[in-house]
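**Student:** Supplied in structure tokens, the structure appears directly below.
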Amino acid sequence: MNMRSIILVVALGVFGCTKHNPDSCCSTTQECSSLGIDQITGCDSGKACNGMGTCIAAQCETSADCTSVGLPVCSSQLCVATCATDNECVGIAGRPLCAPDGVCVGCIDDASCGASAPVCDTTGRACRRCSEDIECASNVCIDATGTCATVDEVIHVSTFGGDGNDGSVSAPYRTLAFALTKVSATKDVIHFDTAMFTPGGATTITGKRVTIDGIDTTLTPTSGSVMFTIGAQSNVTLERVSIAGGPDAAIVVQTGTALLYNVTIGHSTMADAVQASGGELDIDQGTFSAGFNGYYAFSCSNGGVVHVNRSTFTKVSVATTNCELELRRSTFTNQMDGGLQIANGKVTIENNVFSNGGATPDDSAISNVLAGSTLRFNTFVSYDTSSDRSGVALSCDSSLAVSSNIFAYGQNAVVGCSPKYSLFDDARTMPANQNNVLATLPQIFVSATDFHLSATSPARGKGEPGTDIGVDLEGNPRPAMPDIGAYQAP
């Protein structure tokens with residue numbers, strides 16, 4: 001070998017030793033030194049550097065690509081166990097933040113939550129609605145929306161206050177009427193600071209948007225007066241209060257809008273507890289009761305609108321004439337006669353339980369309602385079987401579409417209309433050829449007091465398919481082939 005050949009071989013050997021190996025990589029000087037690589041070296045496109053200094057196929061672009069439970073985070077195109085920055089949490093729905101322990105979370109503290117869900121739940125590590133006043137900086141949680149009122153929005157009233165005060169938490173007003181005069185577009189929350197409060201005469205609210213919020217406050221009416229009258233151009237939310245029944249209606253909604261949220265009314269007189277006369281009344285998580293049967297929880301007339309959801313009615317009835325009524329996910333107990341008395345207007349009655357004692361109670365009468373009115377996925381039970389039950393669960397006409405209800409009511413359960421996809425406990429009242437089901441009372445329910453479906457209930461999977469009712473009374477999802485009645489079995 002001549003000298004020129006020797007020099008060429010040596011040169012090739014030197015250059016060959018310094019050429020980058022495309023399968024080797026490092027991202028820090030320390031890492032490169034430990035791997036024997038002279039300088040920071042990345043991988044070719046489509047590859048990522050693993051912890052061993054080897055280029056491998058890239059595993060992810062964002063954390064949405066990482067589906068392994070143990071390796072949920074995308075870091076430098078590799079799926080890893082923990083995060084180091086918020087950017088590495090991109091792609092994980094509802095968990096955009098990297099917590100100090102390396103877990104992608106929805107929130108780290110309340111400051112990382114927005115106004116619509118202001119509380120960082122320490123267990124689920126996600127933002128949620130407020131449920132207690134103490135969770136808010138103002139100490140006022142608006143329960144109906146789950147949002148925190150600001151200090152500047154709140155007007156305080158107290159049994160121990162004075163109308164010469166400024167309405168702050170340390171100097172509350174004494175009367176509700178005076179507090180209402182201070183309501184404005186930016187100061188629209190009245191908060192009861194005491195557990196007992198007497199509004200002091202009839203309160204008429206006109207032309208105002210206001211939330212009246214209690215701490216489970218008991219309001220005592222003044223003898224001979226309606227407690228609240230909701231007038232024109234008013235939008236009133238009344239929440240977390242209890243109203244003792246007086247000689248007149250507790251609340252009258254005339255032409256305005258009222259939301260009763262988590263309101264309890266115990267009535268003991270012949271007046272309707274709540275009246276909607278042309279206005280709009282929404283009731284959510286309400287509790288209505290009477291000392292004995294025959295009183296109305298609410299009534300509606302003159303084209304009013306009533307929406308009821310997740311509420312409880314004991315020994316009280318409901319009456320509407322020429323109104324729109326939506327009644328969902330509620331329970332009626334011990335309506336001895338006439339739990340629902342409805343005429344004209346449009347009605348939607350879904351996912352409710354109507355249970356009565358005694359052998360002869362007539363429950364609901366619905367007639368002359370508008371097209372599109374429905375009564376679906378309800379449970380009617382007359383649970384006193386000591387004698388042959390002769391009460392009527394539902395008296396209706398052909399204007400009402402009736403489907404997927406349980407009528408455990410004996411020999412005269414339904415009169416005047418033709419239910420379909422429903423369950424009856426007596427063949428004498430069951431319409432033929434309507435996909436109806438027959439079963440004995442003990443077969444249907446868990447027990448005489450628990451109206452969830454038994455494990456072998458014939459109501460399972462026999463409801464009308466293809467309806468738009470996605471949940472049951474408790475909010476559980478209904479499948480394509482739903483169960484009959486208010487409760488969907490798990």
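Convention: chains lettered A, B, ... in structure tokens order; per-chain residue numbering from 1; ligands numbered from 1 as shown.
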Could you please write out, as a count of residues only, every residue of stretch 269-428 of chain A that DSSP assigns to strand (DSSP E or B)?

**Tutor:** 84

**Student:** Can you tell me which residues surround A:His156 at a distance of at most 6 Å, considering only C-alpha atoms, apart from same-chain residues fewer than 2 positions away, and format the answer as a PyMOL selection string?

**Tutor:** chain A and resi 167-169+172+190-191

**Student:** Keeping only C-alpha atoms, take the residues you just selected and write them out as a PDB file, in the first residue's frame.

**Tutor:**
```pdb
ATOM      1  CA  GLY A 167     -77.209  47.148  53.310  1.00  0.00           C
ATOM      2  CA  SER A 168     -73.723  45.688  53.698  1.00  0.00           C
ATOM      3  CA  VAL A 169     -73.001  42.449  55.533  1.00  0.00           C
ATOM      4  CA  PRO A 172     -77.907  45.057  56.821  1.00  0.00           C
ATOM      5  CA  ILE A 190     -80.974  40.315  48.227  1.00  0.00           C
ATOM      6  CA  HIS A 191     -79.572  37.967  50.862  1.00  0.00           C
TER       7      HIS A 191
END
```

**Student:** Which residues, written as a list of chain:residue names, have at least one atom at most 9 Å from A:Cys60, with only C-alpha atoms counted and residues fewer than 2 positions away on the same chain left out?

**Tutor:** A:Ala58, A:Thr62, A:Ser63, A:Ala64, A:Asp65, A:Cys66, A:Cys74, A:Ser75, A:Ser76, A:Gln77, A:Leu78, A:Cys79

**Student:** Go ahead and save the residues from that selection, with N, CA and C atoms, as a PDB file, in the first residue's frame.

**Tutor:**
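Now in result_36.pdb:
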```pdb
ATOM      1  N   ALA A  58     -42.135   8.488  16.679  1.00  0.00           N
ATOM      2  CA  ALA A  58     -42.897   9.397  17.542  1.00  0.00           C
ATOM      3  C   ALA A  58     -44.222   8.756  17.935  1.00  0.00           C
ATOM      4  N   THR A  62     -50.148  15.418  20.645  1.00  0.00           N
ATOM      5  CA  THR A  62     -50.694  15.991  21.873  1.00  0.00           C
ATOM      6  C   THR A  62     -51.086  14.849  22.804  1.00  0.00           C
ATOM      7  N   SER A  63     -51.463  15.184  24.026  1.00  0.00           N
ATOM      8  CA  SER A  63     -51.833  14.154  24.994  1.00  0.00           C
ATOM      9  C   SER A  63     -53.098  13.406  24.603  1.00  0.00           C
ATOM     10  N   ALA A  64     -53.858  13.947  23.660  1.00  0.00           N
ATOM     11  CA  ALA A  64     -55.034  13.231  23.177  1.00  0.00           C
ATOM     12  C   ALA A  64     -54.649  11.924  22.499  1.00  0.00           C
ATOM     13  N   ASP A  65     -53.398  11.827  22.018  1.00  0.00           N
ATOM     14  CA  ASP A  65     -52.927  10.615  21.349  1.00  0.00           C
ATOM     15  C   ASP A  65     -52.471   9.541  22.327  1.00  0.00           C
ATOM     16  N   CYS A  66     -52.318   9.892  23.611  1.00  0.00           N
ATOM     17  CA  CYS A  66     -51.820   8.942  24.606  1.00  0.00           C
ATOM     18  C   CYS A  66     -53.009   8.280  25.304  1.00  0.00           C
ATOM     19  N   CYS A  74     -48.349  13.607  26.727  1.00  0.00           N
ATOM     20  CA  CYS A  74     -47.434  13.689  25.589  1.00  0.00           C
ATOM     21  C   CYS A  74     -46.348  14.714  25.901  1.00  0.00           C
ATOM     22  N   SER A  75     -45.101  14.246  25.978  1.00  0.00           N
ATOM     23  CA  SER A  75     -43.958  15.117  26.225  1.00  0.00           C
ATOM     24  C   SER A  75     -42.895  14.809  25.188  1.00  0.00           C
ATOM     25  N   SER A  76     -42.548  15.807  24.379  1.00  0.00           N
ATOM     26  CA  SER A  76     -41.545  15.641  23.312  1.00  0.00           C
ATOM     27  C   SER A  76     -41.882  14.454  22.417  1.00  0.00           C
ATOM     28  N   GLN A  77     -43.144  14.333  22.099  1.00  0.00           N
ATOM     29  CA  GLN A  77     -43.679  13.326  21.172  1.00  0.00           C
ATOM     30  C   GLN A  77     -43.632  11.894  21.715  1.00  0.00           C
ATOM     31  N   LEU A  78     -43.438  11.766  23.031  1.00  0.00           N
ATOM     32  CA  LEU A  78     -43.486  10.459  23.677  1.00  0.00           C
ATOM     33  C   LEU A  78     -44.565  10.469  24.760  1.00  0.00           C
ATOM     34  N   CYS A  79     -45.282   9.361  24.957  1.00  0.00           N
ATOM     35  CA  CYS A  79     -46.274   9.234  26.016  1.00  0.00           C
ATOM     36  C   CYS A  79     -45.567   8.892  27.321  1.00  0.00           C
TER      37      CYS A  79
END
```

**Student:** In Å to one decimal, how far is atom CA of A:Asp213 from atom CA of A:Thr159?

**Tutor:**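 About the pair atom CA of A:Thr159 and atom CA of A:Asp213: they are 14.7 Å apart.
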
**Student:** Give me, as a count of residues only, all polymer residues having an atom no more than 7 Å from A:Arg240, counting only C-alpha atoms and skipping those fewer than 2 positions away in the same chain.

**Tutor:** 9

**Student:** I'd like the contact shell of stretch 111-128 of chain A - 12 Å cut-off, only C-alpha atoms, skipping same-chain residues fewer than 3 positions apart - returned as a ChimeraX atom specification.

**Tutor:** /A:93-99,103-108,131-137,141-150

**Student:** Residues at most 7 Å from A:Met481, counting only C-alpha atoms, excluding those fewer than 6 positions away in the same chain, as a list in words?

**Tutor:**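 The neighbour list is Gly461, Lys462, Gly463 and Pro465 of chain A.
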
**Student:** Write a file of the just-selected residues containing N, CA and C atoms, as a PDB file, in the first residue's frame.

**Tutor:**
```pdb
ATOM      1  N   GLY A 461     -87.639  -2.988  29.681  1.00  0.00           N
ATOM      2  CA  GLY A 461     -87.448  -3.058  28.237  1.00  0.00           C
ATOM      3  C   GLY A 461     -88.712  -3.014  27.415  1.00  0.00           C
ATOM      4  N   LYS A 462     -89.858  -2.681  28.021  1.00  0.00           N
ATOM      5  CA  LYS A 462     -91.131  -2.727  27.302  1.00  0.00           C
ATOM      6  C   LYS A 462     -91.723  -1.337  27.038  1.00  0.00           C
ATOM      7  N   GLY A 463     -90.957  -0.252  27.330  1.00  0.00           N
ATOM      8  CA  GLY A 463     -91.452   1.088  27.044  1.00  0.00           C
ATOM      9  C   GLY A 463     -91.392   1.400  25.561  1.00  0.00           C
ATOM     10  N   PRO A 465     -90.139   2.632  22.235  1.00  0.00           N
ATOM     11  CA  PRO A 465     -88.808   2.985  21.725  1.00  0.00           C
ATOM     12  C   PRO A 465     -88.869   4.265  20.888  1.00  0.00           C
TER      13      PRO A 465
END
```

**Student:** Rounded to one decimal, what separation in Å do you get between atom CA of A:Ala459 and atom CA of A:Val316?

**Tutor:** 28.4 Å

**Student:** How many Å separate atom CA of A:Gly416 from atom CA of A:Thr331?

**Tutor:** 24.0 Å

**Student:** Identify which of the residues A:Glu153, A:Glu326, A:Asp188, A:Asp362 lies closest to A:Ile283, counting only C-alpha atoms when measuring atom-to-atom distances.

**Tutor:**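 That would be A:Glu326, the residue with the smallest distance to A:Ile283.
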
**Student:** Which is closest to A:Gly339 among A:Tyr295, A:Thr374, A:Asn322, A:Arg428, if we use only C-alpha atoms?

**Tutor:**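 Closest to A:Gly339 of all the choices is A:Tyr295.
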
**Student:** Please return, as number ranges by chain, all residues of stretch 174-417 of chain A that DSSP assigns to alpha helix (DSSP H) on the basis of the backbone.

**Tutor:** A: 176-181
